[in-house]
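Trainee: Take this structure, written in C-alpha cells, and hold onto it; I'll ask about it next.
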Amino acid sequence: MMLPNLDRIKEYSYEMGAIRPPSEGGSNSLLIRATRNCPWNRCGFCYGTPYARAKFELRSVEEVKADILSAKHISDEIEVITKKLGGIEWTVRVLDPSFLYDKEQQRLNKKERKNFQCVVNVFNWNYSGGKTVFLQDANSLIMRTPQLVEIVSYLKETFPSIERITSYARSKTLAKKSEEELKSLKEAGLTRVHVGLETGDDELLEYIKKGVTSEEQITGGKKSKEAGIELSVYVMPGLGGTKMSIQHAKNSARVLNEINPDFIRSRPYVPNPLTPLFNEIKKGEFKLLSPHECLKEIKIMVEDLDVTGKVCFDHAMNYWSSKSGGHLFSQNYEGYKFPEEKETVLDLIEEGLKIEESVHERVRVRVPL
Ligand code: SF4
C-alpha cells in the first residue's frame, strides 16, 4: 500500500455507545464512552431501550483514557494522510472500506466495522474543527467526580482544539453532587450537560417512574448553572396524555422558570412498543394527544415561560406542518431566543392550530397499536 498510515489507522479503535443528542451530531462531536448504558432503565416511555436495556457499567479511567488515545492516533494518521495527499477532499476518498480493507462496507467483520466507525467519527470531528466532544452514555455524571475530572482534563490535554465537552446527566445525580464537585468539573472543561427533564409535574414524574421530584430537578438544574455548566434540558410534550396535559404544561413551565436553562428542547412523546407506557396505551389507560391538543399543551407551557435561554424544536419528532408545507418550527439547534422570540413561537403555534389536523397527521411518526 502506498500510504503506510492507512495500515496504521486500522490498528486503532475505541468504544462507542448507541446514542448522542442530535445537537452533538450536528456539531460532529467526538464520541467518547465514559460509562455504559443507563443506570436507571425504568422510565415508562423509554425503559432504557436506546441501550437495549443492557446492564449499566462504569468504565475505568484507564480504559477511557486508552480510548481517547486511540482517537488521537487516528486523528494524527488522518493529518499525515491529508498532508501527503494534498487536501481533505482526497483523504475522504481513501478513508473508504475499499481502500482500508479491500472490501465493501457490508462485508466488513465486527472488528473492521468498529474501526471504520471510529475513523469516520474522528474524520468528521476533525473536518468540523475538532471542537466538541460528547461523553456517552446515559448518565456519566454518576462517575466519581475526581475520575470524571481526570477524563475531562485528559481530553483537553490530548486535544487542545476542544472548546466544548458535554454529557447526559440525570437531575437526581446533579442534585446529589456538591457545588464544589460541579465547579471542579467545569474547571476541568465540562461545558454542558444534557438533562431529560421530560416534565416538571410531580404526579406525572411518578407515573412515568422518572425517579426524581420536581424539587430535585430544580436543585440539580440550579446547581449546574451556578457552577457555570450550561444546561440543555429536554421536555416531552404529550407525555401526560389527555389526562395530565394541562398540569404537565403548567408545572413544566414552573420548573423551567425556576431553573432558567440555557436550552429547552422539545421532544414530543412518540409511543415505543417495548416500553411499559405503551401497554397503558393498549389498555386504554393512556390517551395520546392529537396534533392540535399537543400544540395547545405547548402553548400553555410557552405562555407561562419566563426564561432567558433558547427554546428549540430541533428534532423531526416536532412533526407539525407550516402553511407553506415545511416544518412549523425551525429545527435549528439554537432554536428561538426567549423572551425576544416568545411571540414568534406563539404565532407559529397559532399558525399550526389553523391548519387541518390531518395535515399534521400525515407527517407524524406513528407506531401501529
Ligand atoms: S434515565 Fe434516560 S435513558 Fe434511562 S430510562 Fe430514563 S429516559 Fe431512558
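By convention here, the chains of the C-alpha cells are called A, B, ... in the order presented, each chain's residues are numbered starting at 1, and ligands are numbered starting at 1 in the order presented.
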Within 12 Å of Leu31 (chain A), counting only C-alpha atoms, which residues show up once you throw out same-chain ones fewer than 3 positions away? Write them as a PyMOL selection string, please.
Mentor: chain A and resi 13-21+24-25+27-28+34-35+64+67-68+71+117-125+130-137+155+165-167
Trainee: Just C-alpha atoms for this one: save the residues we selected as a PDB file, in the first residue's frame.
Mentor:
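This went into out-v1.pdb:
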```pdb
ATOM      1  CA  SER A  13     -10.457   1.673  17.729  1.00  0.00           C
ATOM      2  CA  TYR A  14     -12.399   2.946  20.684  1.00  0.00           C
ATOM      3  CA  GLU A  15     -15.716   2.061  22.215  1.00  0.00           C
ATOM      4  CA  MET A  16     -18.793   3.923  21.056  1.00  0.00           C
ATOM      5  CA  GLY A  17     -22.223   3.927  22.676  1.00  0.00           C
ATOM      6  CA  ALA A  18     -25.592   3.765  20.951  1.00  0.00           C
ATOM      7  CA  ILE A  19     -26.783   7.367  21.020  1.00  0.00           C
ATOM      8  CA  ARG A  20     -25.919  11.037  21.406  1.00  0.00           C
ATOM      9  CA  PRO A  21     -28.087  14.175  21.417  1.00  0.00           C
ATOM     10  CA  GLU A  24     -23.921  16.762  19.130  1.00  0.00           C
ATOM     11  CA  GLY A  25     -24.405  15.035  15.775  1.00  0.00           C
ATOM     12  CA  SER A  27     -21.599  19.550  15.689  1.00  0.00           C
ATOM     13  CA  ASN A  28     -19.883  16.313  14.621  1.00  0.00           C
ATOM     14  CA  ALA A  34     -17.344   7.221  29.708  1.00  0.00           C
ATOM     15  CA  THR A  35     -19.921   4.747  31.080  1.00  0.00           C
ATOM     16  CA  VAL A  64     -11.468   5.650  28.812  1.00  0.00           C
ATOM     17  CA  ASP A  67      -9.914   5.200  24.050  1.00  0.00           C
ATOM     18  CA  ILE A  68      -9.051   8.909  23.935  1.00  0.00           C
ATOM     19  CA  ALA A  71      -8.868   8.646  18.839  1.00  0.00           C
ATOM     20  CA  GLN A 117     -16.960   3.746  12.669  1.00  0.00           C
ATOM     21  CA  CYS A 118     -14.156   5.343  14.730  1.00  0.00           C
ATOM     22  CA  VAL A 119     -12.286   6.544  11.643  1.00  0.00           C
ATOM     23  CA  VAL A 120     -15.488   8.180  10.340  1.00  0.00           C
ATOM     24  CA  ASN A 121     -16.209   9.774  13.737  1.00  0.00           C
ATOM     25  CA  VAL A 122     -12.683  11.222  14.029  1.00  0.00           C
ATOM     26  CA  PHE A 123     -12.627  12.337  10.387  1.00  0.00           C
ATOM     27  CA  ASN A 124     -15.958  14.204  10.712  1.00  0.00           C
ATOM     28  CA  TRP A 125     -14.827  15.670  14.002  1.00  0.00           C
ATOM     29  CA  GLY A 130     -12.218  19.247  16.402  1.00  0.00           C
ATOM     30  CA  LYS A 131     -14.115  21.472  18.818  1.00  0.00           C
ATOM     31  CA  THR A 132     -16.811  19.421  20.550  1.00  0.00           C
ATOM     32  CA  VAL A 133     -16.852  16.143  22.482  1.00  0.00           C
ATOM     33  CA  PHE A 134     -19.795  14.195  23.863  1.00  0.00           C
ATOM     34  CA  LEU A 135     -19.245  11.784  26.744  1.00  0.00           C
ATOM     35  CA  GLN A 136     -21.537   8.783  26.294  1.00  0.00           C
ATOM     36  CA  ASP A 137     -23.769   7.019  27.817  1.00  0.00           C
ATOM     37  CA  LEU A 155      -9.340  15.102  26.778  1.00  0.00           C
ATOM     38  CA  ILE A 165     -17.317  18.876  26.339  1.00  0.00           C
ATOM     39  CA  THR A 166     -20.822  17.671  27.155  1.00  0.00           C
ATOM     40  CA  SER A 167     -22.539  14.692  28.760  1.00  0.00           C
TER      41      SER A 167
END
```
Trainee: Sorted by chain and rising residue number, list the residues of chain A at most 10 Å from ligand 1 (counting only C-alpha atoms and all ligand atoms), each with its closest atom pair and distance in Å to one decimal, as a tab-separated table.
Mentor:
```
residue	atom	partner	partner_atom_place_in_ligand_line	distance
A:Ile19	CA	ligand 1	3 (S)	9.8
A:Asn37	CA	ligand 1	3 (S)	7.6
A:Cys38	CA	ligand 1	4 (Fe)	4.8
A:Pro39	CA	ligand 1	4 (Fe)	6.6
A:Trp40	CA	ligand 1	4 (Fe)	5.0
A:Asn41	CA	ligand 1	5 (S)	3.7
A:Arg42	CA	ligand 1	5 (S)	4.8
A:Cys43	CA	ligand 1	6 (Fe)	4.3
A:Gly44	CA	ligand 1	5 (S)	7.5
A:Phe45	CA	ligand 1	7 (S)	7.3
A:Cys46	CA	ligand 1	8 (Fe)	4.5
A:Tyr47	CA	ligand 1	5 (S)	4.4
A:Gly48	CA	ligand 1	5 (S)	4.1
A:Thr49	CA	ligand 1	8 (Fe)	6.9
A:Pro50	CA	ligand 1	3 (S)	6.9
A:Tyr51	CA	ligand 1	3 (S)	7.5
A:Arg53	CA	ligand 1	5 (S)	8.4
A:Phe56	CA	ligand 1	4 (Fe)	9.8
A:Asp137	CA	ligand 1	3 (S)	8.4
A:Ala138	CA	ligand 1	3 (S)	5.2
A:Asn139	CA	ligand 1	1 (S)	7.4
A:Tyr168	CA	ligand 1	2 (Fe)	8.6
A:Ala169	CA	ligand 1	1 (S)	8.4
A:Arg170	CA	ligand 1	1 (S)	6.5
A:Ser171	CA	ligand 1	1 (S)	9.5
A:Lys172	CA	ligand 1	1 (S)	10.0
A:Val195	CA	ligand 1	2 (Fe)	8.5
A:Gly196	CA	ligand 1	2 (Fe)	6.4
A:Leu197	CA	ligand 1	7 (S)	8.9
A:Glu198	CA	ligand 1	7 (S)	8.4
A:Ile208	CA	ligand 1	6 (Fe)	9.1
A:Lys209	CA	ligand 1	6 (Fe)	8.3
A:Lys210	CA	ligand 1	6 (Fe)	6.3
A:Gly211	CA	ligand 1	6 (Fe)	8.5
A:Thr275	CA	ligand 1	5 (S)	9.8
```
Trainee: Please list as a PyMOL selection string every residue within 12 Å of Glu77 (chain A), counting only C-alpha atoms and excluding residues in the same chain fewer than 5 positions away.
Mentor: chain A and resi 3-12+70-72+82-84+91+95+119+122-123+126
Trainee: Could you save the residues just selected, with N, CA, C and O atoms, as an mmCIF file, in the first residue's frame?
Mentor:
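Once everything was written out, this is part-v4.cif:
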```
data_model
loop_
_atom_site.group_PDB
_atom_site.id
_atom_site.type_symbol
_atom_site.label_atom_id
_atom_site.label_comp_id
_atom_site.auth_asym_id
_atom_site.auth_seq_id
_atom_site.Cartn_x
_atom_site.Cartn_y
_atom_site.Cartn_z
ATOM 1 N N LEU A 3 0.318 4.229 1.123
ATOM 2 C CA LEU A 3 0.266 5.026 2.355
ATOM 3 C C LEU A 3 0.298 4.108 3.580
ATOM 4 O O LEU A 3 -0.717 3.523 3.942
ATOM 5 N N PRO A 4 1.476 3.958 4.232
ATOM 6 C CA PRO A 4 1.525 3.085 5.417
ATOM 7 C C PRO A 4 0.579 3.558 6.516
ATOM 8 O O PRO A 4 0.130 2.780 7.342
ATOM 9 N N ASN A 5 0.248 4.871 6.500
ATOM 10 C CA ASN A 5 -0.660 5.400 7.527
ATOM 11 C C ASN A 5 -2.036 4.758 7.451
ATOM 12 O O ASN A 5 -2.739 4.643 8.443
ATOM 13 N N LEU A 6 -2.423 4.324 6.236
ATOM 14 C CA LEU A 6 -3.727 3.667 6.098
ATOM 15 C C LEU A 6 -3.723 2.328 6.827
ATOM 16 O O LEU A 6 -4.735 1.903 7.370
ATOM 17 N N ASP A 7 -2.567 1.655 6.832
ATOM 18 C CA ASP A 7 -2.461 0.400 7.583
ATOM 19 C C ASP A 7 -2.458 0.681 9.074
ATOM 20 O O ASP A 7 -3.093 -0.012 9.849
ATOM 21 N N ARG A 8 -1.746 1.744 9.464
ATOM 22 C CA ARG A 8 -1.654 2.061 10.896
ATOM 23 C C ARG A 8 -3.011 2.473 11.455
ATOM 24 O O ARG A 8 -3.364 2.119 12.570
ATOM 25 N N ILE A 9 -3.769 3.199 10.656
ATOM 26 C CA ILE A 9 -5.064 3.706 11.135
ATOM 27 C C ILE A 9 -5.993 2.537 11.528
ATOM 28 O O ILE A 9 -6.849 2.674 12.391
ATOM 29 N N LYS A 10 -5.751 1.391 10.897
ATOM 30 C CA LYS A 10 -6.609 0.214 11.160
ATOM 31 C C LYS A 10 -6.315 -0.423 12.516
ATOM 32 O O LYS A 10 -7.051 -1.266 12.981
ATOM 33 N N GLU A 11 -5.205 0.014 13.147
ATOM 34 C CA GLU A 11 -4.832 -0.595 14.436
ATOM 35 C C GLU A 11 -5.619 0.005 15.601
ATOM 36 O O GLU A 11 -5.600 -0.528 16.693
ATOM 37 N N TYR A 12 -6.269 1.135 15.362
ATOM 38 C CA TYR A 12 -6.885 1.845 16.493
ATOM 39 C C TYR A 12 -8.415 1.847 16.427
ATOM 40 O O TYR A 12 -8.994 2.090 15.380
ATOM 41 N N SER A 70 -6.541 6.360 21.475
ATOM 42 C CA SER A 70 -6.799 5.739 20.160
ATOM 43 C C SER A 70 -7.367 6.771 19.185
ATOM 44 O O SER A 70 -6.981 6.815 18.016
ATOM 45 N N ALA A 71 -8.293 7.593 19.696
ATOM 46 C CA ALA A 71 -8.868 8.646 18.839
ATOM 47 C C ALA A 71 -7.765 9.607 18.400
ATOM 48 O O ALA A 71 -7.740 10.066 17.256
ATOM 49 N N LYS A 72 -6.820 9.872 19.305
ATOM 50 C CA LYS A 72 -5.703 10.777 18.982
ATOM 51 C C LYS A 72 -4.826 10.167 17.876
ATOM 52 O O LYS A 72 -4.429 10.854 16.929
ATOM 53 N N THR A 82 -3.654 13.462 5.037
ATOM 54 C CA THR A 82 -4.138 14.681 4.371
ATOM 55 C C THR A 82 -2.974 15.490 3.808
ATOM 56 O O THR A 82 -3.042 15.986 2.678
ATOM 57 N N LYS A 83 -1.883 15.587 4.597
ATOM 58 C CA LYS A 83 -0.714 16.331 4.115
ATOM 59 C C LYS A 83 -0.116 15.654 2.895
ATOM 60 O O LYS A 83 0.219 16.283 1.899
ATOM 61 N N LYS A 84 0.001 14.321 2.967
ATOM 62 C CA LYS A 84 0.613 13.579 1.861
ATOM 63 C C LYS A 84 -0.223 13.668 0.586
ATOM 64 O O LYS A 84 0.314 13.771 -0.510
ATOM 65 N N THR A 91 -8.431 12.868 1.165
ATOM 66 C CA THR A 91 -8.470 11.978 2.332
ATOM 67 C C THR A 91 -9.809 11.252 2.394
ATOM 68 O O THR A 91 -9.860 10.049 2.654
ATOM 69 N N LEU A 95 -10.370 7.192 2.862
ATOM 70 C CA LEU A 95 -10.932 6.637 4.102
ATOM 71 C C LEU A 95 -12.240 5.934 3.756
ATOM 72 O O LEU A 95 -13.328 6.323 4.175
ATOM 73 N N VAL A 119 -12.977 5.723 12.648
ATOM 74 C CA VAL A 119 -12.286 6.544 11.643
ATOM 75 C C VAL A 119 -13.243 7.625 11.122
ATOM 76 O O VAL A 119 -12.878 8.798 11.003
ATOM 77 N N VAL A 122 -13.826 10.307 13.870
ATOM 78 C CA VAL A 122 -12.683 11.222 14.029
ATOM 79 C C VAL A 122 -12.543 12.113 12.795
ATOM 80 O O VAL A 122 -12.293 13.320 12.913
ATOM 81 N N PHE A 123 -12.740 11.532 11.606
ATOM 82 C CA PHE A 123 -12.627 12.337 10.387
ATOM 83 C C PHE A 123 -13.644 13.481 10.417
ATOM 84 O O PHE A 123 -13.290 14.644 10.187
ATOM 85 N N ASN A 126 -12.628 16.053 13.036
ATOM 86 C CA ASN A 126 -11.506 16.887 12.559
ATOM 87 C C ASN A 126 -11.978 17.898 11.529
ATOM 88 O O ASN A 126 -11.604 19.064 11.558
#
```
Trainee: Measuring between only C-alpha atoms, which one of A:Gly228, A:Phe313, A:Tyr154, A:Asp262 shows the shortest distance to Tyr333 (chain A)?
Mentor: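 Among A:Gly228, A:Phe313, A:Tyr154, A:Asp262, it is A:Phe313 that comes nearest to Tyr333 (chain A).
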Trainee: My list of candidates is A:Lys282, A:Lys222, A:Lys287, A:Lys156. Which is closest to Ile259 (chain A) when distances are computed with only C-alpha atoms?
Mentor: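 Looking at the shortest contact to Ile259 (chain A), the residue is A:Lys222.
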Trainee: With only C-alpha atoms as the atoms that count, which of A:Lys296, A:Arg254, A:Lys323, A:Lys243 lies nearest to Tyr207 (chain A)?
Mentor: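 When distances to Tyr207 (chain A) are compared using only C-alpha atoms, the smallest one comes from A:Lys243.
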Trainee: As a list of chain:residue names, list the residues of region 227-270 of chain A assigned to strand (DSSP E) by DSSP on the backbone atoms of this structure.
Mentor: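 Checking each residue of region 227-270 of chain A, the strand (DSSP E) ones are A:Glu230, A:Leu231, A:Ser232, A:Val233, A:Tyr234, A:Val235, A:Phe263, A:Ile264, A:Arg265, A:Ser266.
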Trainee: Go ahead and save the picked residues with all heavy atoms, as a compact mmCIF listing (two decimals), in the first residue's frame.
Mentor:
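The new file again_38.txt reads:
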```
# COMPACT_ATOMS: atom_id res chain seq x y z
N GLU A 230 -23.36 24.76 31.37
CA GLU A 230 -24.59 25.04 30.59
C GLU A 230 -25.56 23.88 30.72
O GLU A 230 -25.16 22.71 30.79
CB GLU A 230 -24.25 25.19 29.11
CG GLU A 230 -23.61 26.50 28.74
CD GLU A 230 -23.36 26.60 27.24
OE1 GLU A 230 -23.44 25.56 26.54
OE2 GLU A 230 -23.07 27.70 26.79
N LEU A 231 -26.83 24.24 30.66
CA LEU A 231 -27.87 23.23 30.85
C LEU A 231 -28.76 23.16 29.62
O LEU A 231 -29.33 24.16 29.19
CB LEU A 231 -28.69 23.67 32.07
CG LEU A 231 -29.51 22.65 32.80
CD1 LEU A 231 -28.67 21.47 33.24
CD2 LEU A 231 -30.15 23.31 34.02
N SER A 232 -28.84 21.95 29.05
CA SER A 232 -29.69 21.72 27.89
C SER A 232 -30.73 20.69 28.33
O SER A 232 -30.39 19.54 28.58
CB SER A 232 -28.80 21.16 26.76
OG SER A 232 -29.55 20.74 25.67
N VAL A 233 -31.99 21.13 28.52
CA VAL A 233 -32.99 20.19 29.07
C VAL A 233 -34.03 19.80 28.01
O VAL A 233 -34.38 20.59 27.14
CB VAL A 233 -33.70 20.73 30.33
CG1 VAL A 233 -32.72 21.12 31.41
CG2 VAL A 233 -34.63 21.87 30.02
N TYR A 234 -34.50 18.58 28.14
CA TYR A 234 -35.46 18.02 27.19
C TYR A 234 -36.83 17.91 27.85
O TYR A 234 -36.96 17.32 28.91
CB TYR A 234 -34.97 16.63 26.72
CG TYR A 234 -33.67 16.75 25.97
CD1 TYR A 234 -32.46 16.90 26.65
CD2 TYR A 234 -33.65 16.81 24.58
CE1 TYR A 234 -31.27 17.08 25.98
CE2 TYR A 234 -32.46 16.98 23.90
CZ TYR A 234 -31.27 17.12 24.60
OH TYR A 234 -30.10 17.31 23.92
N VAL A 235 -37.83 18.48 27.19
CA VAL A 235 -39.20 18.41 27.69
C VAL A 235 -40.00 17.58 26.70
O VAL A 235 -39.77 17.66 25.49
CB VAL A 235 -39.80 19.83 27.83
CG1 VAL A 235 -41.22 19.76 28.34
CG2 VAL A 235 -38.97 20.67 28.77
N PHE A 263 -30.87 25.92 27.31
CA PHE A 263 -31.64 25.38 26.18
C PHE A 263 -32.81 24.55 26.72
O PHE A 263 -32.62 23.74 27.62
CB PHE A 263 -30.78 24.44 25.31
CG PHE A 263 -29.61 25.12 24.66
CD1 PHE A 263 -28.38 25.18 25.30
CD2 PHE A 263 -29.74 25.70 23.40
CE1 PHE A 263 -27.29 25.81 24.71
CE2 PHE A 263 -28.65 26.32 22.79
CZ PHE A 263 -27.43 26.38 23.46
N ILE A 264 -33.99 24.77 26.14
CA ILE A 264 -35.15 23.92 26.43
C ILE A 264 -35.48 23.26 25.10
O ILE A 264 -35.77 23.95 24.12
CB ILE A 264 -36.35 24.76 26.92
CG1 ILE A 264 -36.01 25.48 28.24
CG2 ILE A 264 -37.60 23.89 27.07
CD1 ILE A 264 -37.01 26.56 28.64
N ARG A 265 -35.40 21.94 25.04
CA ARG A 265 -35.57 21.25 23.76
C ARG A 265 -36.84 20.40 23.79
O ARG A 265 -37.01 19.56 24.66
CB ARG A 265 -34.34 20.39 23.45
CG ARG A 265 -33.04 21.21 23.40
CD ARG A 265 -31.86 20.39 22.93
NE ARG A 265 -30.60 21.09 23.09
CZ ARG A 265 -30.10 21.97 22.21
NH1 ARG A 265 -30.75 22.25 21.10
NH2 ARG A 265 -28.93 22.56 22.44
N SER A 266 -37.72 20.64 22.84
CA SER A 266 -38.99 19.91 22.76
C SER A 266 -38.79 18.56 22.07
O SER A 266 -38.27 18.49 20.95
CB SER A 266 -40.00 20.76 21.98
OG SER A 266 -41.08 19.97 21.56
```
Trainee: So what do you get for CA of Val359 (chain A) versus CA of His292 (chain A), distance-wise?
Mentor: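 Separating CA of Val359 (chain A) from CA of His292 (chain A) is a distance of 10.8 Å.
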Trainee: Report, in Å with one decimal, the straight-line distance from CA of Lys310 (chain A) to CA of Thr191 (chain A).
Mentor: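 About the pair CA of Lys310 (chain A) and CA of Thr191 (chain A): they are 16.6 Å apart.
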Trainee: Do a neighbour search on Ala253 (chain A) at 12 Å with only C-alpha atoms, toss out local chain neighbours closer than 2 positions, and write the hits as an MDAnalysis selection string.
Mentor: chainID A and resid 197:201 214 218 235 237 246:251 255:261 264 297:307 311
Trainee: Using CA of Gln105 (chain A) and CA of Gly26 (chain A) as the two end points, give the distance in Å to one decimal.
Mentor: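 Computing the Euclidean distance for CA of Gln105 (chain A) and CA of Gly26 (chain A) yields 23.6 Å.
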Trainee: Under the rule that only C-alpha atoms are counted, which of A:Glu340, A:Glu89, A:Glu334, A:Asp102 is the nearest residue to His315 (chain A)?
Mentor: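 That would be A:Glu334, the residue with the smallest distance to His315 (chain A).
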Trainee: For Thr242 (chain A), which residue out of A:Phe286, A:Phe99, A:Tyr336, A:Tyr269 is the nearest one, using only C-alpha atoms?
Mentor: A:Phe286
Trainee: Write out as number ranges by chain each polymer residue whose atoms come within 12 Å of Glu157 (chain A), counting only C-alpha atoms; drop sequence neighbours fewer than 6 positions from it.
Mentor: A: 65, 68-69, 72, 150-151, 163, 188-189
Trainee: Could those selected residues go to a file with C-alpha atoms, as an mmCIF file, in the first residue's frame?
Mentor:
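Written output follows (selection14.cif):
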```cif
data_model
loop_
_atom_site.group_PDB
_atom_site.id
_atom_site.type_symbol
_atom_site.label_atom_id
_atom_site.label_comp_id
_atom_site.auth_asym_id
_atom_site.auth_seq_id
_atom_site.Cartn_x
_atom_site.Cartn_y
_atom_site.Cartn_z
ATOM 1 C CA LYS A 65 -8.044 7.324 28.531
ATOM 2 C CA ILE A 68 -9.051 8.909 23.935
ATOM 3 C CA LEU A 69 -5.500 7.996 22.953
ATOM 4 C CA LYS A 72 -5.703 10.777 18.982
ATOM 5 C CA GLU A 150 -9.373 13.189 35.167
ATOM 6 C CA ILE A 151 -11.105 12.087 31.952
ATOM 7 C CA GLU A 163 -13.922 24.074 23.086
ATOM 8 C CA ALA A 188 -11.607 20.743 34.155
ATOM 9 C CA GLY A 189 -13.559 21.523 30.962
#
```
Trainee: What parts of region 81-314 of chain A does DSSP call helix (DSSP H, G or I)? I'd like the answer as a PyMOL selection string.
Mentor: chain A and resi 81-85+88-94+97-100+105-107+110-127+140-142+145-158+171-176+179-188+202-207+214-226+245-259+276-283+291-304
